[in-house]
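Next up, coords_7.pdb (PDB, C-alpha atoms):
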ATOM      1  CA  MET A  30     101.328  38.397 179.239
ATOM      2  CA  TYR A  31      99.407  36.507 181.898
ATOM      3  CA  LYS A  32      98.316  32.954 182.750
ATOM      4  CA  ALA A  33      94.787  31.598 182.366
ATOM      5  CA  LYS A  34      93.131  28.310 183.282
ATOM      6  CA  ALA A  35      91.996  26.205 180.342
ATOM      7  CA  TYR A  36      91.120  22.701 179.179
ATOM      8  CA  SER A  37      93.398  21.132 176.590
ATOM      9  CA  ALA A  38      94.153  17.856 174.847
ATOM     10  CA  THR A  39      97.782  16.762 174.563
ATOM     11  CA  SER A  40      97.220  14.131 171.854
ATOM     12  CA  ALA A  41      94.538  12.684 169.583
ATOM     13  CA  THR A  42      93.725  10.029 172.161
ATOM     14  CA  SER A  43      93.972  11.968 175.408
ATOM     15  CA  PRO A  44      90.949  13.442 177.213
ATOM     16  CA  LEU A  45      90.634  17.163 177.821
ATOM     17  CA  ALA A  46      92.357  18.081 181.058
ATOM     18  CA  SER A  47      92.794  21.205 183.148
ATOM     19  CA  THR A  48      95.903  23.204 182.336
ATOM     20  CA  THR A  49      97.338  26.720 182.354
ATOM     21  CA  ILE A  50      97.992  28.665 179.162
ATOM     22  CA  SER A  51      99.632  31.971 178.292
ATOM     23  CA  ARG A  52      97.471  34.871 177.128
ATOM     24  CA  ARG A  53      98.700  38.264 176.010
ATOM     25  CA  GLU A  54      97.557  41.743 176.860
ATOM     26  CA  PRO A  55      95.428  43.404 174.151
ATOM     27  CA  THR A  56      97.246  45.432 171.520
ATOM     28  CA  GLU A  57      95.918  48.524 169.743
ATOM     29  CA  HIS A  58      93.023  46.831 167.912
ATOM     30  CA  ASP A  59      92.232  44.039 170.379
ATOM     31  CA  VAL A  60      89.390  43.258 172.749
ATOM     32  CA  GLN A  61      90.027  41.149 175.844
ATOM     33  CA  LEU A  62      87.199  38.983 177.170
ATOM     34  CA  GLU A  63      86.386  37.209 180.372
ATOM     35  CA  ILE A  64      84.829  34.051 178.922
ATOM     36  CA  LEU A  65      81.380  33.375 180.363
ATOM     37  CA  PHE A  66      80.166  30.593 178.065
ATOM     38  CA  CYS A  67      81.585  28.456 175.283
ATOM     39  CA  GLY A  68      79.513  26.044 173.208
ATOM     40  CA  ILE A  69      80.620  22.647 171.952
ATOM     41  CA  CYS A  70      80.780  22.228 168.174
ATOM     42  CA  HIS A  71      81.598  18.995 166.383
ATOM     43  CA  SER A  72      84.558  20.803 164.827
ATOM     44  CA  ASP A  73      86.054  20.961 168.324
ATOM     45  CA  LEU A  74      85.884  17.167 168.493
ATOM     46  CA  HIS A  75      87.255  16.729 164.965
ATOM     47  CA  THR A  76      90.222  18.955 165.814
ATOM     48  CA  VAL A  77      90.974  17.429 169.201
ATOM     49  CA  ARG A  78      90.976  13.950 167.624
ATOM     50  CA  ASN A  79      93.007  15.171 164.620
ATOM     51  CA  GLU A  80      90.321  13.853 162.270
ATOM     52  CA  TRP A  81      91.017  16.618 159.746
ATOM     53  CA  SER A  82      94.716  15.789 159.605
ATOM     54  CA  GLU A  83      94.815  15.719 155.781
ATOM     55  CA  HIS A  84      93.656  19.335 155.596
ATOM     56  CA  VAL A  85      94.263  20.983 158.996
ATOM     57  CA  PRO A  86      96.616  18.907 161.191
ATOM     58  CA  THR A  87      96.141  19.520 164.899
ATOM     59  CA  VAL A  88      99.013  21.047 166.845
ATOM     60  CA  TYR A  89      99.129  19.878 170.472
ATOM     61  CA  PRO A  90      98.444  20.926 173.122
ATOM     62  CA  CYS A  91      95.070  21.938 171.683
ATOM     63  CA  VAL A  92      92.570  24.223 173.438
ATOM     64  CA  PRO A  93      89.384  24.118 171.317
ATOM     65  CA  GLY A  94      86.236  26.238 171.465
ATOM     66  CA  HIS A  95      84.895  28.864 169.061
ATOM     67  CA  GLU A  96      81.328  29.573 170.254
ATOM     68  CA  ILE A  97      82.393  32.119 172.827
ATOM     69  CA  VAL A  98      80.372  34.609 174.846
ATOM     70  CA  GLY A  99      82.241  36.864 177.247
ATOM     71  CA  ARG A 100      82.381  40.176 179.047
ATOM     72  CA  VAL A 101      84.822  42.788 177.819
ATOM     73  CA  THR A 102      87.541  43.507 180.385
ATOM     74  CA  LYS A 103      89.977  45.594 178.306
ATOM     75  CA  VAL A 104      90.135  47.199 174.875
ATOM     76  CA  GLY A 105      92.985  48.558 172.800
ATOM     77  CA  PRO A 106      93.200  52.334 172.204
ATOM     78  CA  ALA A 107      91.982  52.006 168.581
ATOM     79  CA  VAL A 108      88.821  50.062 169.526
ATOM     80  CA  THR A 109      85.650  52.193 169.494
ATOM     81  CA  LYS A 110      82.966  49.522 169.177
ATOM     82  CA  PHE A 111      83.416  48.016 172.653
ATOM     83  CA  LYS A 112      84.057  49.182 176.175
ATOM     84  CA  PRO A 113      84.723  47.284 179.417
ATOM     85  CA  GLY A 114      81.561  45.650 180.728
ATOM     86  CA  ASP A 115      80.003  44.995 177.287
ATOM     87  CA  VAL A 116      78.877  41.476 176.417
ATOM     88  CA  ALA A 117      80.441  40.204 173.188
ATOM     89  CA  ALA A 118      80.710  37.034 171.113
ATOM     90  CA  VAL A 119      83.584  35.449 169.216
ATOM     91  CA  GLY A 120      83.181  32.810 166.519
ATOM     92  CA  CYS A 121      85.577  30.826 164.351
ATOM     93  CA  MET A 122      88.040  33.607 163.589
ATOM     94  CA  VAL A 123      89.953  36.180 165.623
ATOM     95  CA  ASP A 124      91.912  38.121 163.023
ATOM     96  CA  SER A 125      92.445  38.784 159.313
ATOM     97  CA  ASP A 126      95.059  40.625 157.288
ATOM     98  CA  GLY A 127      92.802  43.647 156.690
ATOM     99  CA  THR A 128      94.380  44.368 153.297
ATOM    100  CA  CYS A 129      93.150  41.704 150.878
ATOM    101  CA  PRO A 130      90.161  42.338 148.548
ATOM    102  CA  GLU A 131      87.886  40.279 150.806
ATOM    103  CA  CYS A 132      88.776  42.292 153.899
ATOM    104  CA  ARG A 133      88.372  45.569 152.036
ATOM    105  CA  ALA A 134      84.899  44.422 150.988
ATOM    106  CA  GLY A 135      83.990  43.758 154.636
ATOM    107  CA  LEU A 136      84.108  39.973 154.143
ATOM    108  CA  GLU A 137      86.905  39.078 156.541
ATOM    109  CA  GLN A 138      85.578  35.513 156.833
ATOM    110  CA  PHE A 139      86.924  34.871 153.309
ATOM    111  CA  CYS A 140      90.368  36.319 154.010
ATOM    112  CA  PRO A 141      93.055  33.868 152.816
ATOM    113  CA  ASN A 142      95.194  34.841 155.812
ATOM    114  CA  MET A 143      92.566  34.810 158.540
ATOM    115  CA  ILE A 144      93.539  33.561 161.993
ATOM    116  CA  LEU A 145      91.182  30.967 163.429
ATOM    117  CA  THR A 146      90.196  30.989 167.083
ATOM    118  CA  PHE A 147      92.177  27.848 167.817
ATOM    119  CA  ASN A 148      94.808  25.669 166.117
ATOM    120  CA  SER A 149      95.883  28.544 163.873
ATOM    121  CA  PRO A 150      99.330  30.210 163.782
ATOM    122  CA  ASN A 151      99.689  32.709 166.628
ATOM    123  CA  LYS A 152     101.591  35.654 165.158
ATOM    124  CA  HIS A 153     102.054  37.279 168.567
ATOM    125  CA  LEU A 154     103.169  34.457 170.883
ATOM    126  CA  GLY A 155     104.259  31.805 168.414
ATOM    127  CA  GLY A 156     102.798  28.324 168.349
ATOM    128  CA  VAL A 157      99.039  28.220 167.727
ATOM    129  CA  THR A 158      95.986  30.080 168.975
ATOM    130  CA  TYR A 159      93.993  28.727 171.908
ATOM    131  CA  GLY A 160      90.199  28.761 171.929
ATOM    132  CA  GLY A 161      87.315  29.279 174.288
ATOM    133  CA  TYR A 162      87.713  26.248 176.550
ATOM    134  CA  SER A 163      89.324  28.655 178.935
ATOM    135  CA  MET A 164      88.004  29.653 182.349
ATOM    136  CA  ALA A 165      89.606  33.090 182.434
ATOM    137  CA  SER A 166      90.105  35.448 179.470
ATOM    138  CA  SER A 167      90.648  35.426 175.747
ATOM    139  CA  TRP A 168      91.393  38.082 173.166
ATOM    140  CA  THR A 169      90.250  38.870 169.675
ATOM    141  CA  SER A 170      90.695  41.507 167.039
ATOM    142  CA  GLY A 171      87.929  44.084 167.398
ATOM    143  CA  SER A 172      86.756  43.433 163.814
ATOM    144  CA  SER A 173      86.098  39.756 164.620
ATOM    145  CA  CYS A 174      84.066  40.368 167.764
ATOM    146  CA  ALA A 175      80.275  40.723 167.622
ATOM    147  CA  SER A 176      78.172  42.914 169.890
ATOM    148  CA  LEU A 177      75.744  40.848 171.935
ATOM    149  CA  PRO A 178      72.831  42.440 173.806
ATOM    150  CA  THR A 179      72.225  40.776 177.160
ATOM    151  CA  SER A 180      68.595  40.044 176.223
ATOM    152  CA  ILE A 181      69.603  37.528 173.546
ATOM    153  CA  SER A 182      68.913  33.912 174.491
ATOM    154  CA  ARG A 183      71.799  31.501 175.064
ATOM    155  CA  GLU A 184      70.477  29.309 172.225
ATOM    156  CA  LEU A 185      70.695  32.192 169.780
ATOM    157  CA  ARG A 186      74.191  33.112 170.966
ATOM    158  CA  ARG A 187      75.575  29.827 169.736
ATOM    159  CA  SER A 188      73.520  29.277 166.587
ATOM    160  CA  SER A 189      74.690  31.851 164.038
ATOM    161  CA  ALA A 190      76.418  29.277 161.804
ATOM    162  CA  PRO A 191      73.274  28.477 159.763
ATOM    163  CA  GLU A 192      72.222  32.118 159.404
ATOM    164  CA  SER A 193      74.260  33.033 156.329
ATOM    165  CA  PRO A 194      73.258  30.100 154.071
ATOM    166  CA  LEU A 195      69.655  30.170 155.305
ATOM    167  CA  THR A 196      69.319  33.875 154.623
ATOM    168  CA  ARG A 197      70.865  33.634 151.150
ATOM    169  CA  ARG A 198      69.128  30.488 149.960
ATOM    170  CA  CYS A 199      65.702  30.656 151.593
ATOM    171  CA  ALA A 200      65.253  34.228 150.453
ATOM    172  CA  ALA A 201      65.160  33.021 146.838
ATOM    173  CA  GLY A 202      61.616  31.794 147.331
ATOM    174  CA  ARG A 203      60.586  35.112 148.843
ATOM    175  CA  HIS A 204      61.974  37.066 145.893
ATOM    176  CA  GLN A 205      59.966  34.836 143.557
ATOM    177  CA  GLY A 206      56.802  35.521 145.543
ATOM    178  CA  LYS A 207      56.414  32.002 146.869
ATOM    179  CA  GLU A 208      57.088  30.052 150.025
ATOM    180  CA  SER A 209      60.390  28.166 150.055
ATOM    181  CA  ARG A 210      60.650  24.595 151.279
ATOM    182  CA  SER A 211      63.749  24.180 153.425
ATOM    183  CA  GLY A 212      65.063  21.004 154.989
ATOM    184  CA  ARG A 213      67.620  20.528 157.722
ATOM    185  CA  PRO A 214      69.259  17.155 158.435
ATOM    186  CA  ARG A 215      69.631  17.367 162.211
ATOM    187  CA  ARG A 216      68.592  20.351 164.275
ATOM    188  CA  THR A 217      70.723  23.478 163.850
ATOM    189  CA  GLY A 218      69.080  25.384 166.682
ATOM    190  CA  ALA A 219      65.902  27.374 167.130
ATOM    191  CA  HIS A 220      67.476  30.319 165.338
ATOM    192  CA  GLY A 221      67.521  28.366 162.080
ATOM    193  CA  ARG A 222      63.765  28.123 162.272
ATOM    194  CA  GLU A 223      63.505  31.856 163.042
ATOM    195  CA  VAL A 224      65.525  32.805 159.960
ATOM    196  CA  CYS A 225      63.412  30.561 157.738
ATOM    197  CA  SER A 226      60.228  32.099 159.131
ATOM    198  CA  CYS A 227      61.472  35.591 158.246
ATOM    199  CA  VAL A 228      61.763  34.553 154.600
ATOM    200  CA  ARG A 229      58.461  32.646 154.542
ATOM    201  CA  SER A 230      59.996  29.192 154.466
ATOM    202  CA  HIS A 231      58.243  25.921 155.268
ATOM    203  CA  VAL A 232      60.768  24.086 157.466
ATOM    204  CA  VAL A 233      61.192  20.324 157.427
ATOM    205  CA  VAL A 234      63.611  18.722 159.883
ATOM    206  CA  PHE A 235      65.226  15.407 158.973
ATOM    207  CA  THR A 236      66.275  13.126 161.811
ATOM    208  CA  THR A 237      67.411   9.528 162.148
ATOM    209  CA  SER A 238      65.662   9.274 165.526
ATOM    210  CA  PRO A 239      61.831   9.139 165.730
ATOM    211  CA  ASN A 240      62.024  10.192 169.387
ATOM    212  CA  LYS A 241      63.353  13.615 168.305
ATOM    213  CA  LYS A 242      60.177  14.492 166.414
ATOM    214  CA  GLU A 243      58.517  16.103 169.422
ATOM    215  CA  ASP A 244      61.536  18.301 170.133
ATOM    216  CA  ALA A 245      61.780  19.424 166.508
ATOM    217  CA  LEU A 246      58.110  20.404 166.384
ATOM    218  CA  ARG A 247      58.369  22.177 169.737
ATOM    219  CA  LEU A 248      61.288  24.210 168.372
ATOM    220  CA  GLY A 249      59.133  25.360 165.470
ATOM    221  CA  ALA A 250      59.527  22.870 162.624
ATOM    222  CA  ASP A 251      56.511  22.605 160.330
ATOM    223  CA  GLU A 252      57.204  18.969 159.582
ATOM    224  CA  VAL A 253      59.581  16.183 160.660
ATOM    225  CA  VAL A 254      60.849  13.346 158.455
ATOM    226  CA  VAL A 255      62.641  10.247 159.757
ATOM    227  CA  SER A 256      65.421   9.868 157.208
ATOM    228  CA  ARG A 257      65.747   6.122 157.772
ATOM    229  CA  ASN A 258      62.161   5.664 156.585
ATOM    230  CA  ALA A 259      62.425   5.255 152.799
ATOM    231  CA  ASN A 260      58.700   5.863 152.281
ATOM    232  CA  GLU A 261      58.792   9.177 154.167
ATOM    233  CA  MET A 262      61.816  10.309 152.162
ATOM    234  CA  GLN A 263      60.248   9.318 148.842
ATOM    235  CA  LYS A 264      57.161  11.446 149.561
ATOM    236  CA  HIS A 265      59.412  14.540 149.453
ATOM    237  CA  ALA A 266      61.381  13.688 146.302
ATOM    238  CA  GLY A 267      62.035  16.731 144.122
ATOM    239  CA  SER A 268      60.265  19.160 146.440
ATOM    240  CA  PHE A 269      62.912  21.225 148.286
ATOM    241  CA  ASP A 270      64.294  24.629 147.332
ATOM    242  CA  PHE A 271      67.070  24.374 149.884
ATOM    243  CA  ILE A 272      68.560  21.807 152.257
ATOM    244  CA  LEU A 273      71.026  22.711 155.012
ATOM    245  CA  ASP A 274      73.129  19.676 155.903
ATOM    246  CA  ALA A 275      74.646  20.028 159.377
ATOM    247  CA  VAL A 276      75.663  16.386 159.863
ATOM    248  CA  SER A 277      79.301  16.015 160.929
ATOM    249  CA  ALA A 278      79.443  12.221 160.601
ATOM    250  CA  ASP A 279      79.459   9.978 157.549
ATOM    251  CA  HIS A 280      76.007   9.824 155.906
ATOM    252  CA  ASP A 281      74.326   9.256 152.559
ATOM    253  CA  ILE A 282      74.172  12.738 151.069
ATOM    254  CA  ASN A 283      72.679  11.342 147.844
ATOM    255  CA  ALA A 284      69.430  10.637 149.679
ATOM    256  CA  TYR A 285      69.053  14.394 150.235
ATOM    257  CA  ILE A 286      70.157  15.390 146.733
ATOM    258  CA  GLN A 287      67.178  13.444 145.393
ATOM    259  CA  LEU A 288      64.841  15.645 147.429
ATOM    260  CA  LEU A 289      65.891  18.881 145.677
ATOM    261  CA  ARG A 290      63.725  20.467 143.019
ATOM    262  CA  ARG A 291      64.964  22.295 139.927
ATOM    263  CA  ASP A 292      67.630  24.966 140.561
ATOM    264  CA  ALA A 293      67.628  24.163 144.268
ATOM    265  CA  ASN A 294      70.631  24.135 146.594
ATOM    266  CA  LEU A 295      72.135  21.863 149.227
ATOM    267  CA  THR A 296      74.600  23.602 151.566
ATOM    268  CA  LEU A 297      76.983  21.752 153.883
ATOM    269  CA  VAL A 298      77.794  23.266 157.271
ATOM    270  CA  GLY A 299      78.954  19.988 158.759
ATOM    271  CA  ALA A 300      82.426  18.661 157.936
ATOM    272  CA  PRO A 301      82.721  14.866 158.318
ATOM    273  CA  ALA A 302      86.178  13.462 158.944
ATOM    274  CA  LYS A 303      86.108  11.568 155.619
ATOM    275  CA  PRO A 304      84.885  12.805 152.207
ATOM    276  CA  LEU A 305      81.254  12.084 151.405
ATOM    277  CA  ALA A 306      80.533   9.823 148.418
ATOM    278  CA  VAL A 307      78.491  11.879 145.958
ATOM    279  CA  ALA A 308      76.738  10.356 142.954
ATOM    280  CA  GLY A 309      77.710  12.835 140.234
ATOM    281  CA  MET A 310      74.528  12.275 138.203
ATOM    282  CA  GLY A 311      72.570  13.924 141.001
ATOM    283  CA  PHE A 312      73.992  17.284 139.884
ATOM    284  CA  CYS A 313      74.314  16.623 136.150
ATOM    285  CA  SER A 314      70.842  17.021 134.661
ATOM    286  CA  ASP A 315      69.571  20.231 133.040
ATOM    287  CA  ALA A 316      67.364  20.795 136.074
ATOM    288  CA  ALA A 317      70.193  20.008 138.444
ATOM    289  CA  ALA A 318      70.549  21.488 141.896
ATOM    290  CA  SER A 319      73.808  22.970 143.118
ATOM    291  CA  PRO A 320      76.033  22.087 146.085
ATOM    292  CA  ALA A 321      77.555  24.738 148.352
ATOM    293  CA  ARG A 322      79.682  25.025 151.480
ATOM    294  CA  SER A 323      79.373  27.465 154.362
ATOM    295  CA  SER A 324      81.686  27.670 157.354
ATOM    296  CA  VAL A 325      82.696  30.924 159.007
ATOM    297  CA  VAL A 326      80.047  33.638 159.334
ATOM    298  CA  SER A 327      80.918  37.331 159.380
ATOM    299  CA  PRO A 328      80.230  39.118 162.683
ATOM    300  CA  LYS A 329      78.786  42.128 160.862
ATOM    301  CA  PRO A 330      75.497  40.564 159.626
ATOM    302  CA  GLY A 331      75.194  38.909 163.025
ATOM    303  CA  ASP A 332      75.516  42.249 164.785
ATOM    304  CA  ALA A 333      72.728  43.732 162.674
ATOM    305  CA  ARG A 334      70.461  40.746 163.171
ATOM    306  CA  LEU A 335      71.013  40.643 166.926
ATOM    307  CA  LEU A 336      70.353  44.348 167.307
ATOM    308  CA  ARG A 337      67.155  44.111 165.274
ATOM    309  CA  ARG A 338      65.794  41.685 167.853
ATOM    310  CA  THR A 339      66.170  44.087 170.789
TER     311      THR A 339
END
Represent the structure from my file as structure tokens, please.
Amino acid sequence: MYKAKAYSATSATSPLASTTISRREPTEHDVQLEILFCGICHSDLHTVRNEWSEHVPTVYPCVPGHEIVGRVTKVGPAVTKFKPGDVAAVGCMVDSDGTCPECRAGLEQFCPNMILTFNSPNKHLGGVTYGGYSMASSWTSGSSCASLPTSISRELRRSSAPESPLTRRCAAGRHQGKESRSGRPRRTGAHGREVCSCVRSHVVVFTTSPNKKEDALRLGADEVVVSRNANEMQKHAGSFDFILDAVSADHDINAYIQLLRRDANLTLVGAPAKPLAVAGMGFCSDAAASPARSSVVSPKPGDARLLRRT
């Protein structure tokens, strides 16, 4: 075991402050990382402020951070995928039980006993896991660590969250031999646009701020809609195959449900602190769309996608 510098919160009202935490040496199946970068996700803020207390109460002190890029410093003897000096990425999870049906199917992100990167029971040291807001090193199970070629942009390194739902849902239009129309409340990164392009999707970005239009178009959006403009929203009623909702604050989800066409899908990747009020009739007609939820992405599809780009 060794000490590492980190930033932690000691309560729901305290700011993040410099501290020292305990890290352990890698075991047989572990990879140890020197953390180079860590993104900021709204889930970090929700957890630090204990805004998900009804579902996942925060244990303090809390060291958040799950968009981690680092350099491998050590590997356990059973690890063959990584070697010291490799660049690797860690997302929301760092371990799974490896025995459940989901794990055996290669879908560790659905494991009922998965260990999250932070604020999850630490089976080795006790207490809870600490995340990527650490200036020294972290560790992860080798199966939860993704290979990351050094040529990949920093934007792409932190934007894999939308990949899974975009790939699954947008591809429906491609299989039907048509172009899909995909909308995204708030920007989910340039990579979201890249995935949609691969499946021939026309991308519309929704924003509450007119001054973000230029940025959205520069990042590759085909069209930008100001969601506070009722006339702009009405023009798109019943026209979308898929909408990816990445908003982590309270918002009117019913306004987006009305934009879906028959058999379309709206997927949530944001997780507001309070439940969203959904008008049930929006999903009750014969031509109704379907809601979905996407959170943790598997490192395996990410590995393949990253390697295809090099």
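The interatomic distance for the pair CA of Leu145 in chain A and CA of Leu295 in chain A works out to 25.4 Å.
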(request) Figure out the distance between CA of Ser72 in chain A and CA of Thr42 in chain A, please, to one decimal in Å. (result) 15.9 Å
Hits of the PyMOL selection byres ((chain A and resi 156) around 12) in this structure, as a JSON list (two decimals) with C-alpha atoms, in the coordinates of the input:
[["chain", "number", "residue", "atom", "x", "y", "z"],
["A", 50, "ILE", "CA", 97.99, 28.66, 179.16],
["A", 51, "SER", "CA", 99.63, 31.97, 178.29],
["A", 87, "THR", "CA", 96.14, 19.52, 164.90],
["A", 88, "VAL", "CA", 99.01, 21.05, 166.84],
["A", 89, "TYR", "CA", 99.13, 19.88, 170.47],
["A", 90, "PRO", "CA", 98.44, 20.93, 173.12],
["A", 91, "CYS", "CA", 95.07, 21.94, 171.68],
["A", 147, "PHE", "CA", 92.18, 27.85, 167.82],
["A", 148, "ASN", "CA", 94.81, 25.67, 166.12],
["A", 149, "SER", "CA", 95.88, 28.54, 163.87],
["A", 150, "PRO", "CA", 99.33, 30.21, 163.78],
["A", 151, "ASN", "CA", 99.69, 32.71, 166.63],
["A", 152, "LYS", "CA", 101.59, 35.65, 165.16],
["A", 153, "HIS", "CA", 102.05, 37.28, 168.57],
["A", 154, "LEU", "CA", 103.17, 34.46, 170.88],
["A", 155, "GLY", "CA", 104.26, 31.80, 168.41],
["A", 157, "VAL", "CA", 99.04, 28.22, 167.73],
["A", 158, "THR", "CA", 95.99, 30.08, 168.98],
["A", 159, "TYR", "CA", 93.99, 28.73, 171.91]]
(message) Starting from the PyMOL selection byres ((chain A and resi 279-286) around 7), expand the selection into actual residues of this file and give them as a ChimeraX atom specification.
(response) /A:277-278,287-289,301,305,307-308,311
(request) Using the chain letters and residue numbers of this document, give as a list in words the residues selected by the PyMOL selection byres ((chain A and resi 94) around 7). (result) Cys67, Gly68, Ile69, Asp73, Val92, Pro93, His95, Glu96, Gly160, Gly161 and Tyr162 of chain A
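Interatomic distance, CA of Leu297 in chain A against CA of Cys132 in chain A: 23.7 Å.
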Give, as AutoDock Vina command-line options, the centre coordinates and the x, y and z edge lengths in Å to one decimal for an axis-aligned box around all listed atoms of range 269-284 of chain A, padded by 3 Å on each side.
--center_x 71.2 --center_y 16.9 --center_z 154.1 --size_x 22.5 --size_y 21.4 --size_z 19.6
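Closest approach to Met143 in chain A among A:Ser173, A:Thr109, A:Ser37, A:Ser166 is made by A:Ser173 (distances from all atoms listed in the file).
Those residues that approach Ile144 in chain A to within 6 Å, counting only C-alpha atoms, are A:Met122, A:Val123, A:Asp124, A:Ser125, A:Ser149; same-chain residues fewer than 2 positions away are not listed.
Of the listed residues (A:Lys103, A:His231, A:Lys241, A:Lys34), A:His231 comes nearest to Ile272 in chain A; the distances count all atoms listed in the file.
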(message) Which polymer residues, whether protein, DNA or RNA, lie within 8 Å of the coordinate (96.6, 47.0, 178.2) when you count all atoms listed in the file? List them as JSON, numbers by chain, using the chain letters and numbers from the file.
(response) {"A": [54, 55, 56, 103, 104, 105]}
